[in-house]
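Right, one structure below, let's go through it.
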Amino acid sequence: MMQMTNKRTLLMGLAIIVLSNVIVLAGVAYNRSGEPTSRPVLTERELSLPYNYGFAAENSGISLRLNWRVFDETKETLNYSYWTSTQWLDADKLGRLGFDVSYPLDEPNSHEHYQKVLSREVFIVLENDGATYQKVLHKKQDKLLEAKRLLKQNPDKKEFKDRLKSTISMLESEQTVNSRLFVIDAGLDYESLRQQYSDNSQYLIARGEVNLRYYGKYNRNPYLRGSIQKLSIRKVNVPLEHAAVIIPLLDKDYRRSSGKHPPRYEVSLHYGQRYEPWIINMKRL
């Protein structure tokens with residue numbers, strides 16, 4: 001009796017495993033059917049090597065990490081481009097994304113009320129190497145001109161020498177290392193977003209999460225601002241047929257691999273019917 005029970009348990013376990021694999025494979029097949037929803041070509045700047053270099057080199061399963069950024073023109077600090085909140089995600093936009101923003105902002109418990117609001121999954125629009133990146137680049141170039149001007153006025157002050165050195169370093173990172181993939185919009189309907197951003201090679205539309213933040217607990221003019229929480233899928237698996245492009249780089253010394261060098265590979269991605277990515281092609285640069 002015990003043997004029959006064990007056998008039945010084993011068969012049930014095997015059946016669950018098989019069924020799970022069938023469901024996964026069916027999902028993959030559906031995602032890759034029909035025309036791709038997005039087809040960006042990215043580089044190492046936007047799809048970086050895994051952090052665990054040694055572990056990845058010893059395993060056939062390698063995944064690249066998708067690097068995205070948000071630009072907020074209201075931020076004056078040099079690190080403005082790494083904020084995940086931005087001025088276009090205001091209360092009106094949050095309302096159109098399905099958030100309830102009707103609760104008054106000046107109530108004593110407004111901060112506590114909006115703290116309880118859960119994040120929402122929406123469609124995220126990412127622009128690759130477009131107008132937003134050019135804005136960021138111009139901002140850094142303007143910072144460099146300003147740093148040079150200040151040093152010229154104060155040639156003997158270490159503070160201004162250090163500022164120029166730091167500004168040059170940040171501009172170099174912007175020109176060669178930093179991701180050019182920027183979140184520029186969000187919505188609930190893919191089709192309407194695709195009509196607005198019709199070039200599916202420059203504008204990638206994927207699923208992601210947005211949350212709501214209340215600013216005003218110690219502010220006389222409270223306001224709501226949204227923040228890009230995450231992309232639903234941030235890692236992209238490298239198929240075995242393309243692993244040869246990546247594996248030689250995994251053996252490099254970590255400090256050399258993370259230096260300020262031009263991107264060393266290019267990746268062609270397709271996003272499918274479930275807005276999930278897969279690699280079509282990879283090549284060394």
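Just remember, in the structure tokens the first chain shown is A, the second B, etc., residues are 1-based per chain, and ligands are 1-based in the order shown.
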Task: Within 8 Å of segment 135-139 of chain A using only C-alpha atoms, minus same-chain residues under 3 positions, as a ChimeraX atom specification - done: /A:71,81,131-132,142-143,171,174-175
Generate a file of the selected residues that holds C-alpha atoms, formatted as a PDB file, in the first residue's frame.
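Okay, this is what ended up in again-v2.pdb:
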ATOM      1  CA  PHE A  71      15.344  62.507 -16.783  1.00  0.00           C
ATOM      2  CA  SER A  81      19.327  61.834 -14.593  1.00  0.00           C
ATOM      3  CA  ALA A 131      15.981  63.519 -27.850  1.00  0.00           C
ATOM      4  CA  THR A 132      16.007  62.879 -24.098  1.00  0.00           C
ATOM      5  CA  ASP A 142      26.936  73.050 -20.229  1.00  0.00           C
ATOM      6  CA  LYS A 143      28.196  71.980 -16.795  1.00  0.00           C
ATOM      7  CA  LEU A 171      30.758  63.940 -19.278  1.00  0.00           C
ATOM      8  CA  GLU A 174      27.745  60.187 -20.382  1.00  0.00           C
ATOM      9  CA  GLN A 175      29.437  59.879 -23.768  1.00  0.00           C
TER      10      GLN A 175
END
How close does each residue of segment 196-220 of chain A get to segment 226-232 of chain A, giving the shortest atom pair and distance in Å to one decimal for every residue with an atom at most 9 Å away, counting only C-alpha atoms, sorted by chain and residue number, as CSV?
residue,atom,partner,partner_atom,distance
A:Ala206,CA,A:Leu231,CA,7.3
A:Arg207,CA,A:Ser232,CA,5.5
A:Gly208,CA,A:Leu231,CA,4.0
A:Glu209,CA,A:Gln229,CA,5.2
A:Val210,CA,A:Ile228,CA,4.7
A:Asn211,CA,A:Ser227,CA,5.4
A:Leu212,CA,A:Gly226,CA,4.6
A:Arg213,CA,A:Gly226,CA,5.9
A:Tyr214,CA,A:Gly226,CA,8.7
Those same residues, written as a PDB file, in the first residue's frame with C-alpha atoms?
ATOM      1  CA  ALA A 206       7.152  47.203 -21.923  1.00  0.00           C
ATOM      2  CA  ARG A 207       5.261  46.461 -18.747  1.00  0.00           C
ATOM      3  CA  GLY A 208       6.433  48.107 -15.550  1.00  0.00           C
ATOM      4  CA  GLU A 209       5.303  49.433 -12.190  1.00  0.00           C
ATOM      5  CA  VAL A 210       4.615  53.006 -11.150  1.00  0.00           C
ATOM      6  CA  ASN A 211       4.094  54.116  -7.575  1.00  0.00           C
ATOM      7  CA  LEU A 212       2.734  57.309  -6.054  1.00  0.00           C
ATOM      8  CA  ARG A 213       4.594  59.563  -3.646  1.00  0.00           C
ATOM      9  CA  TYR A 214       3.250  62.367  -1.499  1.00  0.00           C
TER      10      TYR A 214
END
- [ ] Within 9 Å of segment 164-169 of chain A, counting only C-alpha atoms, which residues show up once you throw out same-chain ones fewer than 4 positions away? Write them as a PyMOL selection string, please.
- [x] chain A and resi 78+140-141+143-144+146-148+150-151+159-160+173-174
- [ ] Considering only C-alpha atoms, return as a count of residues only whatever protein or nucleic-acid residues lie within 12 Å of Gln195 of chain A, sequence-local ones (same chain, fewer than 4 positions apart) excluded.
- [x] 9
